[in-house]
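**Student:** I am attaching a structure below and will ask some questions about it afterwards.
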Amino acid sequence: AALGLTIGRDRASFGPCPACGEATRAGSGRSDRRGRCAVLRVGWRCFTNGSLGCGAAGSGPGLVAWVLTGKEWQSGDAETRSLVRHWFAANGWCEPDGDGLLVTQPRRTFVEVQPERPRLRPDPYEVALAWFHGRTVTDDDEVAGFLASRGLVPSRIAELDLARVLPPDVSPDWARRGRRAWQETGHRLIVPLWEPDPRVPTQLRIASLHARCVRPCAPKDKATSPQDCGLTGLVMATDYDFLTDGNARRLLTVVEGVPDYLTWALQPASARGAVIGGISGSASDDILALLPTDWTVAVATHADGGGDAQADAWRREIERRGCRYVRCKPHFAA
């Protein structure tokens, strides 16, 4: 941010690239709005997307050199070294070198990136209407059949009120996937999404809904959430006071996706501790702030690109919180 770059909403990217000037990863029919450059553990790189993106990469000081000089820092370039060191010193991140500080301004001019529009929650009244008017999963043959095909017992899910069926007469504007309503696309199994309650800091409140398709579909279309609404800090949870389930073992288990969440939620609390279901954007300090620091957090996401990304996001937040992080397999095992 001190370099005038825009941090992506995933907090792990930025733009524009100081080498090629591309601001986001959109292009070739994609609508990806993450920053063009990925933040790595040991530096950064320009994310290539087909023929787009230049693949520039380097360290933190190398990034500063690109912004200050408009070119890559070559070995032995003492002038650039001096500029970079002075820039860090001017920001209070290292000691001055030599006599005084040389104040420099970036030499590259960037196109201003418009800020993301605020990530809002859906209307709370509409969320409550959709959830509390939802039918039980045992009253709908299509939804009950889907749950049974995943090895889940619909009567137990209905008994614990973990999920419901989207009511056919409730269709808010945000309950859509593209131009089609969730009822049309088959996203009829709904699960509440919770966030910390600002009025009761130790508890959660329902803030949104997550919908699972109960018909055959492409993997990318299996689940969806309210259109044009934010997901940061939202989780699937068994109750507003979900941590009570984990008190005996001081254990929180984070799983991925609706079927896995329901599978784990149906197990005895003495075996799986407290459990939450994560989606992209769930990992947040607000959620983990509810957690005592002497607890263990077991992350049971899938061993694929999406699961690994979620696990890494949770690991960073968990370690920042000071809790113990464990990665485990997604299937239930006491």
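All residue names refer to the structure tokens as shown: chains lettered A, B, ... in order, residues numbered from 1 in each chain, ligands numbered from 1 in order.
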From the DSSP assignment of the backbone, select every residue of range 30-89 of chain A that is strand (DSSP E), and format the answer as a ChimeraX atom specification.

**Tutor:** /A:37-40,43-46,57-58

**Student:** In range 2-178 of chain A, what's helix (DSSP H, G or I) per DSSP? Answer as a count of residues only?

**Tutor:** 51

**Student:** Give the answer as one residue: which of A:Gly230, A:Gly55, A:Gly43, A:Gly257 has the shortest atom-to-atom distance to Cys17 in chain A, using only C-alpha atoms?

**Tutor:**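 Closest residue, counting only C-alpha atoms: A:Gly55.
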
**Student:** Tell me, counting only C-alpha atoms, for each residue of range 223-248 of chain A within 8 Å of range 262-281 of chain A, which pair of atoms is nearest and how far apart they are in Å to one decimal, in rows ordered by chain and increasing number, as JSON lines.

**Tutor:**
{"residue": "A:Leu231", "atom": "CA", "partner": "A:Gly281", "partner_atom": "CA", "distance": 5.7}
{"residue": "A:Thr232", "atom": "CA", "partner": "A:Gly281", "partner_atom": "CA", "distance": 4.5}
{"residue": "A:Gly233", "atom": "CA", "partner": "A:Gly281", "partner_atom": "CA", "distance": 6.3}
{"residue": "A:Leu234", "atom": "CA", "partner": "A:Gly281", "partner_atom": "CA", "distance": 7.3}
{"residue": "A:Val235", "atom": "CA", "partner": "A:Gly278", "partner_atom": "CA", "distance": 5.3}
{"residue": "A:Met236", "atom": "CA", "partner": "A:Gly277", "partner_atom": "CA", "distance": 4.5}
{"residue": "A:Ala237", "atom": "CA", "partner": "A:Ile276", "partner_atom": "CA", "distance": 4.7}
{"residue": "A:Thr238", "atom": "CA", "partner": "A:Ala265", "partner_atom": "CA", "distance": 6.8}
{"residue": "A:Phe242", "atom": "CA", "partner": "A:Ala274", "partner_atom": "CA", "distance": 6.1}
{"residue": "A:Leu243", "atom": "CA", "partner": "A:Ala274", "partner_atom": "CA", "distance": 5.4}
{"residue": "A:Thr244", "atom": "CA", "partner": "A:Ala274", "partner_atom": "CA", "distance": 7.0}
{"residue": "A:Asp245", "atom": "CA", "partner": "A:Ala274", "partner_atom": "CA", "distance": 4.7}
{"residue": "A:Gly246", "atom": "CA", "partner": "A:Gly273", "partner_atom": "CA", "distance": 3.9}
{"residue": "A:Asn247", "atom": "CA", "partner": "A:Gly273", "partner_atom": "CA", "distance": 7.3}
{"residue": "A:Ala248", "atom": "CA", "partner": "A:Ser270", "partner_atom": "CA", "distance": 7.0}
